[in-house]
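Following: one structure in structure tokens, then a few remarks.
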Amino acid sequence: MLETDAKKIEATLKQQAESIFGNSRAQEIHPEIEVMAEQLAQLRSAPVELLDEP
Amino acid sequence: MPSRPEELLISDAAAAIRSGTLSPVDYARGLLSRMDRVEPRVQAWVTVDRDAVMSEAKKCEAEAAAGQFRGPLHGIPIGVKDIFYTKGMRTTIGAEPFRNFVPQSDADVVTKLKQAGAIILGKTVTTVFVFLDPGPTRNPWNLAHTPGGSSSGSAAAVAARMCAGAIGSQTVGSVGRPAAYNGVVSLMPTQSRVSLRNVFPLSWPLDHAGIFARSVADVELQLSAIAREPVVKPALKQPIRVGVIRDFFYENATPEARSLQDQFLEKLSRASRFQVAEARLPAAFKLSQAILRTILRADVASVHEKLFPEHPTAYGPILRQLIETGMLVGADDYLRARRLRKFFQREMSQLFNSFDVLLTPAAPGPAPEGIAATGSAVMNGPWTLADFPTMTLPFALASNGLPLGIQLSAPCLADGTLLAIAEAMEPVADFLKYVPNLS
């Protein structure tokens, strides 16, 4: 089950960003990560039909 | 030979070349002369090979004299955005790593333009790697303002009368927005209408070709040249049902843009051919930004997975951030976004049960001042995501003298219907009388 809470998604993304780009860069892009987390939460809460192909 | 060849529309020039009253050589020379006068200020071009242009014009002239015409664009110089590969001519993508890149083959669009008789006038400025970090181009209506992006050079070159037609591309709002800012007509066709082979990508599922001109007929002529299959323009049923979407789009528009568009809609309502009514967005519309950004992030990160680590300094801050966040998008979220796009398209398509065309502002207002940013694509992204063919028609000048455009969208693959409706609306917009002052 995918996480749908934006704050929890944000925490996970922040952790990933720190491990890939380092703490300093992760901090710099944090505002965008916040936006992204909100968007992923929105997508994960939206209805997808079985027959909706990518 | 008219005294000002740069004022000719493609349709006029093509007819004059066919009838023998316009020499392709004189026409090309006239446009190059116009370029000499205005390009130092507008900066719409990356590469112009004058010798090649004149050589092609001479070939077209000889063929025309022998009664041979390659196609509907015989002898017409066309600008091409610098992401479409051109064999033997550098293609820079607006980015340092491609500064000296010379493709071995043409993009399909370029091949088709040549087959239709067009002369590739040159390569037009794109933003860096086709995203938001701007190039040097300025808006011909006011050089202190942005021309928009990413098809900055194509839109500005047409507006500045350096060419009568140009090719661009749109992934979010890179055709509709610059068209509005520069007071020119544009079309983003349904994605499958035009091949994007040998075109530098931004996002494969979202990338679309784009066309700029000063009239709907000239857009149609270019589409007929570059489309995979002929696009049929049907006879329109009367009245033409126009669905005006205000809510989200008016919330994002300036008061002046809203007011001028409403004045235009009144004129449209008075024209007997049109039935104008309010259209309401489906609930799915609220997902559009999240779907689009998630697909875009992941695709851009994938496109640049090798280039970005090798050339980190070639990237502007906006694209760099998009790539980095794109690297964090998981496969499950990406697939969900792609599947939700289908849901979004289905829901948005329902609007066409009641309307033949949807009408919104093409940009929040006139082109913003400054060239450090390219303006907002908020009005355009939903239509690119829906893959509905979409046109911009300029219709008014704002109080600061800069153009405003309306945006028309039709169902997927109804490109012909869209062209026919835009052609019917063009006289109501009556914008050709306005010309940017670059004297």
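Here, A, B, ... name the chains of the structure tokens in the order displayed, residue numbers run from 1 inside each chain, and ligands are numbered from 1 in the same displayed order.
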(request) Write down, as a PyMOL selection string, each residue of chain A that has any atom within 8 Å of an atom of chain B, counting only C-alpha atoms. (result) chain A and resi 13+16-17+29+32-33+36+39-40+42-44+46-48+52-54
Go ahead and save the picked residues with N, CA and C atoms, as a short mmCIF file (atom, residue, chain, number, x, y, z; two decimals), in the first residue's frame.
```
data_model
loop_
_atom_site.label_atom_id
_atom_site.label_comp_id
_atom_site.auth_asym_id
_atom_site.auth_seq_id
_atom_site.Cartn_x
_atom_site.Cartn_y
_atom_site.Cartn_z
N LEU A 13 11.22 11.31 0.64
CA LEU A 13 11.92 11.95 -0.49
C LEU A 13 13.14 12.72 0.00
N GLN A 16 15.92 10.32 0.62
CA GLN A 16 16.51 9.87 -0.66
C GLN A 16 17.40 10.97 -1.25
N ALA A 17 16.92 12.19 -1.20
CA ALA A 17 17.68 13.32 -1.77
C ALA A 17 18.99 13.49 -1.02
N ILE A 29 16.94 22.01 -2.52
CA ILE A 29 15.78 21.64 -3.36
C ILE A 29 14.57 21.24 -2.52
N GLU A 32 11.03 22.34 -3.54
CA GLU A 32 10.48 21.59 -4.68
C GLU A 32 10.06 20.18 -4.23
N ILE A 33 10.81 19.63 -3.29
CA ILE A 33 10.44 18.30 -2.76
C ILE A 33 9.09 18.39 -2.05
N MET A 36 6.51 18.39 -4.72
CA MET A 36 6.44 17.05 -5.31
C MET A 36 5.69 16.08 -4.40
N GLN A 39 2.07 16.58 -4.66
CA GLN A 39 1.55 16.06 -5.94
C GLN A 39 1.46 14.53 -5.92
N LEU A 40 2.48 13.88 -5.35
CA LEU A 40 2.43 12.41 -5.29
C LEU A 40 1.30 11.95 -4.38
N GLN A 42 -1.47 13.45 -3.91
CA GLN A 42 -2.71 13.66 -4.69
C GLN A 42 -2.91 12.50 -5.67
N LEU A 43 -1.84 12.12 -6.36
CA LEU A 43 -1.94 11.03 -7.34
C LEU A 43 -2.27 9.70 -6.67
N ARG A 44 -1.62 9.48 -5.52
CA ARG A 44 -1.81 8.18 -4.85
C ARG A 44 -3.22 8.04 -4.27
N ALA A 46 -5.87 9.25 -5.88
CA ALA A 46 -6.83 9.36 -7.00
C ALA A 46 -7.22 7.97 -7.50
N PRO A 47 -8.43 7.86 -8.05
CA PRO A 47 -8.90 6.55 -8.51
C PRO A 47 -8.25 6.14 -9.83
N VAL A 48 -7.72 4.93 -9.88
CA VAL A 48 -7.21 4.39 -11.15
C VAL A 48 -8.03 3.15 -11.48
N ASP A 52 -7.26 1.29 -17.13
CA ASP A 52 -6.51 2.49 -17.50
C ASP A 52 -5.05 2.11 -17.74
N GLU A 53 -4.70 1.98 -19.01
CA GLU A 53 -3.30 1.64 -19.33
C GLU A 53 -2.43 2.87 -19.20
N PRO A 54 -1.13 2.66 -19.01
CA PRO A 54 -0.25 3.84 -18.96
C PRO A 54 -0.18 4.53 -20.33
#
```
(message) Excluding Arg197 in chain B and its own-chain neighbours fewer than 4 positions away, which residues fall within 9 Å of it when counting only C-alpha atoms? Please give them as a PyMOL selection string.
(response) chain B and resi 84-85+106-109
Go ahead and dump the residues you just picked, C-alpha atoms, as a PDB file, in the first residue's frame.
```pdb
ATOM      1  CA  PHE B  84      14.889  19.514 -34.727  1.00  0.00           C
ATOM      2  CA  TYR B  85      17.909  17.800 -36.256  1.00  0.00           C
ATOM      3  CA  ASP B 106      17.225  15.450 -40.681  1.00  0.00           C
ATOM      4  CA  ALA B 107      14.297  15.259 -38.327  1.00  0.00           C
ATOM      5  CA  ASP B 108      11.260  13.840 -40.118  1.00  0.00           C
ATOM      6  CA  VAL B 109       9.657  17.284 -39.890  1.00  0.00           C
TER       7      VAL B 109
END
```
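Closest to Gly173 in chain B among B:Pro403, B:Pro436, B:Gly210, B:Pro134 is B:Gly210, based on only C-alpha atoms.
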(request) Please run DSSP on the backbone and report, as a ChimeraX atom specification, all residues within range 197-348 of chain B that come out as strand (DSSP E). (result) /B:208-213,240-244,274-278
File dump, residues just selected, C-alpha atoms, as a PDB file, in the first residue's frame:
```pdb
ATOM      1  CA  HIS B 208       4.336  17.763 -29.415  1.00  0.00           C
ATOM      2  CA  ALA B 209       5.345  19.509 -32.616  1.00  0.00           C
ATOM      3  CA  GLY B 210       4.195  23.102 -33.030  1.00  0.00           C
ATOM      4  CA  ILE B 211       3.574  25.543 -35.868  1.00  0.00           C
ATOM      5  CA  PHE B 212       3.737  29.343 -35.943  1.00  0.00           C
ATOM      6  CA  ALA B 213       2.450  31.747 -38.598  1.00  0.00           C
ATOM      7  CA  ILE B 240     -20.284  26.508 -33.814  1.00  0.00           C
ATOM      8  CA  ARG B 241     -20.645  25.690 -30.119  1.00  0.00           C
ATOM      9  CA  VAL B 242     -17.906  27.469 -28.166  1.00  0.00           C
ATOM     10  CA  GLY B 243     -17.367  26.418 -24.544  1.00  0.00           C
ATOM     11  CA  VAL B 244     -15.685  29.159 -22.535  1.00  0.00           C
ATOM     12  CA  PHE B 274     -21.082  31.095 -32.956  1.00  0.00           C
ATOM     13  CA  GLN B 275     -23.008  29.972 -29.908  1.00  0.00           C
ATOM     14  CA  VAL B 276     -20.980  30.888 -26.833  1.00  0.00           C
ATOM     15  CA  ALA B 277     -21.689  29.296 -23.442  1.00  0.00           C
ATOM     16  CA  GLU B 278     -19.885  28.580 -20.183  1.00  0.00           C
TER      17      GLU B 278
END
```
(message) Please identify the helix (DSSP H, G or I) residues within range 98-260 of chain B (assignment by DSSP from backbone atoms) and present them as a ChimeraX atom specification.
(response) /B:98,108-115,128-130,152-159,176-182,191-193,216-226,247-251,255-260
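Going from CA of Pro136 in chain B over to CA of Ile10 in chain B, you cover 26.7 Å.
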(request) For Glu423 in chain B, list every protein, DNA or RNA residue within 9 Å, evaluated using only C-alpha atoms, and leave out those in the same chain fewer than 6 positions away; present the list as a PyMOL selection string. (result) chain B and resi 215-217
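Once Ala26 in chain A and its same-chain neighbours fewer than 4 positions away are set aside, Lys14, Gln15, Gln16, Ala17, Glu18, Ser19, Ile20, Phe21, Gly22, His30 and Ile33 of chain A remain within 9 Å of it when counting only C-alpha atoms.
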Let me see the file: selected residues, N, CA and C atoms, as a PDB file, in the first residue's frame.
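Once everything was written out, this is out-v4.pdb:
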```
ATOM      1  N   LYS A  14      12.999  13.353   1.131  1.00  0.00           N
ATOM      2  CA  LYS A  14      14.115  14.141   1.691  1.00  0.00           C
ATOM      3  C   LYS A  14      15.291  13.219   2.003  1.00  0.00           C
ATOM      4  N   GLN A  15      14.957  12.082   2.576  1.00  0.00           N
ATOM      5  CA  GLN A  15      15.992  11.099   2.918  1.00  0.00           C
ATOM      6  C   GLN A  15      16.711  10.617   1.654  1.00  0.00           C
ATOM      7  N   GLN A  16      15.920  10.324   0.619  1.00  0.00           N
ATOM      8  CA  GLN A  16      16.509   9.874  -0.656  1.00  0.00           C
ATOM      9  C   GLN A  16      17.399  10.971  -1.249  1.00  0.00           C
ATOM     10  N   ALA A  17      16.916  12.192  -1.202  1.00  0.00           N
ATOM     11  CA  ALA A  17      17.676  13.318  -1.768  1.00  0.00           C
ATOM     12  C   ALA A  17      18.992  13.495  -1.023  1.00  0.00           C
ATOM     13  N   GLU A  18      18.968  13.364   0.277  1.00  0.00           N
ATOM     14  CA  GLU A  18      20.203  13.512   1.070  1.00  0.00           C
ATOM     15  C   GLU A  18      21.214  12.441   0.700  1.00  0.00           C
ATOM     16  N   SER A  19      20.707  11.219   0.484  1.00  0.00           N
ATOM     17  CA  SER A  19      21.658  10.139   0.179  1.00  0.00           C
ATOM     18  C   SER A  19      22.221  10.277  -1.237  1.00  0.00           C
ATOM     19  N   ILE A  20      21.454  10.860  -2.143  1.00  0.00           N
ATOM     20  CA  ILE A  20      21.952  10.998  -3.529  1.00  0.00           C
ATOM     21  C   ILE A  20      22.764  12.283  -3.714  1.00  0.00           C
ATOM     22  N   PHE A  21      22.235  13.394  -3.203  1.00  0.00           N
ATOM     23  CA  PHE A  21      22.847  14.704  -3.512  1.00  0.00           C
ATOM     24  C   PHE A  21      23.614  15.317  -2.335  1.00  0.00           C
ATOM     25  N   GLY A  22      23.516  14.702  -1.173  1.00  0.00           N
ATOM     26  CA  GLY A  22      24.141  15.293   0.012  1.00  0.00           C
ATOM     27  C   GLY A  22      23.175  16.241   0.717  1.00  0.00           C
ATOM     28  N   HIS A  30      14.674  21.451  -1.225  1.00  0.00           N
ATOM     29  CA  HIS A  30      13.573  21.030  -0.345  1.00  0.00           C
ATOM     30  C   HIS A  30      12.222  21.660  -0.690  1.00  0.00           C
ATOM     31  N   ILE A  33      10.810  19.628  -3.290  1.00  0.00           N
ATOM     32  CA  ILE A  33      10.440  18.304  -2.763  1.00  0.00           C
ATOM     33  C   ILE A  33       9.086  18.386  -2.052  1.00  0.00           C
TER      34      ILE A  33
END
```
(request) Give me the residues within 8 Å of Ala41 in chain A as a PyMOL selection string, counting only C-alpha atoms and dropping any in the same chain fewer than 5 places off. (result) chain A and resi 3-6+9
(message) When you look at Leu221 in chain B with a cut-off of 12 Å (counting only C-alpha atoms), what residues show up, excluding the ones that are within fewer than 4 positions of it in the same chain? I need them as a VMD selection string.
(response) chain B and resid 9 to 15 71 to 74 76 78 113 116 to 118 164 to 166 187 211 to 217 225 to 227 230 to 231 233 416 419
Could you please take those selected residues and save C-alpha atoms as an mmCIF file, in the first residue's frame?
```cif
data_model
loop_
_atom_site.group_PDB
_atom_site.id
_atom_site.type_symbol
_atom_site.label_atom_id
_atom_site.label_comp_id
_atom_site.auth_asym_id
_atom_site.auth_seq_id
_atom_site.Cartn_x
_atom_site.Cartn_y
_atom_site.Cartn_z
ATOM 1 C CA LEU B 9 1.791 35.623 -45.759
ATOM 2 C CA ILE B 10 2.851 32.129 -46.797
ATOM 3 C CA SER B 11 -0.397 31.695 -48.733
ATOM 4 C CA ASP B 12 0.260 34.908 -50.692
ATOM 5 C CA ALA B 13 3.916 34.161 -51.334
ATOM 6 C CA ALA B 14 3.234 30.556 -52.387
ATOM 7 C CA ALA B 15 0.528 31.698 -54.817
ATOM 8 C CA GLY B 71 4.759 21.019 -52.893
ATOM 9 C CA PRO B 72 2.632 23.653 -51.142
ATOM 10 C CA LEU B 73 5.654 25.433 -49.640
ATOM 11 C CA HIS B 74 7.710 25.676 -52.815
ATOM 12 C CA ILE B 76 8.999 29.445 -48.851
ATOM 13 C CA ILE B 78 10.741 28.479 -42.853
ATOM 14 C CA LEU B 113 9.331 20.537 -45.084
ATOM 15 C CA ALA B 116 7.042 20.294 -49.633
ATOM 16 C CA GLY B 117 9.458 22.779 -51.193
ATOM 17 C CA ALA B 118 10.305 24.789 -48.091
ATOM 18 C CA ALA B 164 6.238 33.881 -42.434
ATOM 19 C CA GLY B 165 6.238 30.488 -40.769
ATOM 20 C CA ALA B 166 8.237 28.511 -38.252
ATOM 21 C CA LEU B 187 -1.055 25.151 -33.536
ATOM 22 C CA ILE B 211 3.574 25.543 -35.868
ATOM 23 C CA PHE B 212 3.737 29.343 -35.943
ATOM 24 C CA ALA B 213 2.450 31.747 -38.598
ATOM 25 C CA ARG B 214 0.535 35.004 -38.910
ATOM 26 C CA SER B 215 -2.672 33.417 -40.221
ATOM 27 C CA VAL B 216 -4.647 30.237 -39.736
ATOM 28 C CA ALA B 217 -4.281 29.395 -43.436
ATOM 29 C CA ALA B 225 3.559 19.684 -45.160
ATOM 30 C CA ILE B 226 4.684 18.096 -41.884
ATOM 31 C CA ALA B 227 1.739 15.861 -40.914
ATOM 32 C CA PRO B 230 -3.410 14.587 -44.752
ATOM 33 C CA VAL B 231 -5.520 16.511 -42.243
ATOM 34 C CA LYS B 233 -10.855 20.201 -42.700
ATOM 35 C CA GLY B 416 -8.990 19.724 -39.061
ATOM 36 C CA LEU B 419 -8.376 24.726 -38.016
#
```
(message) Counting only C-alpha atoms, which residue out of B:Thr124, B:Gln350, B:Pro239, B:Leu397 sits closest to Arg270 in chain B?
(response) B:Pro239
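All residues of protein, DNA or RNA that reach within 8 Å of Thr384 in chain B, judged by only C-alpha atoms and not counting those fewer than 4 positions away in the chain, are B:Gln170, B:Thr171, B:Val172, B:Gly173, B:Leu206, B:His208, B:Asn380, B:Phe388.
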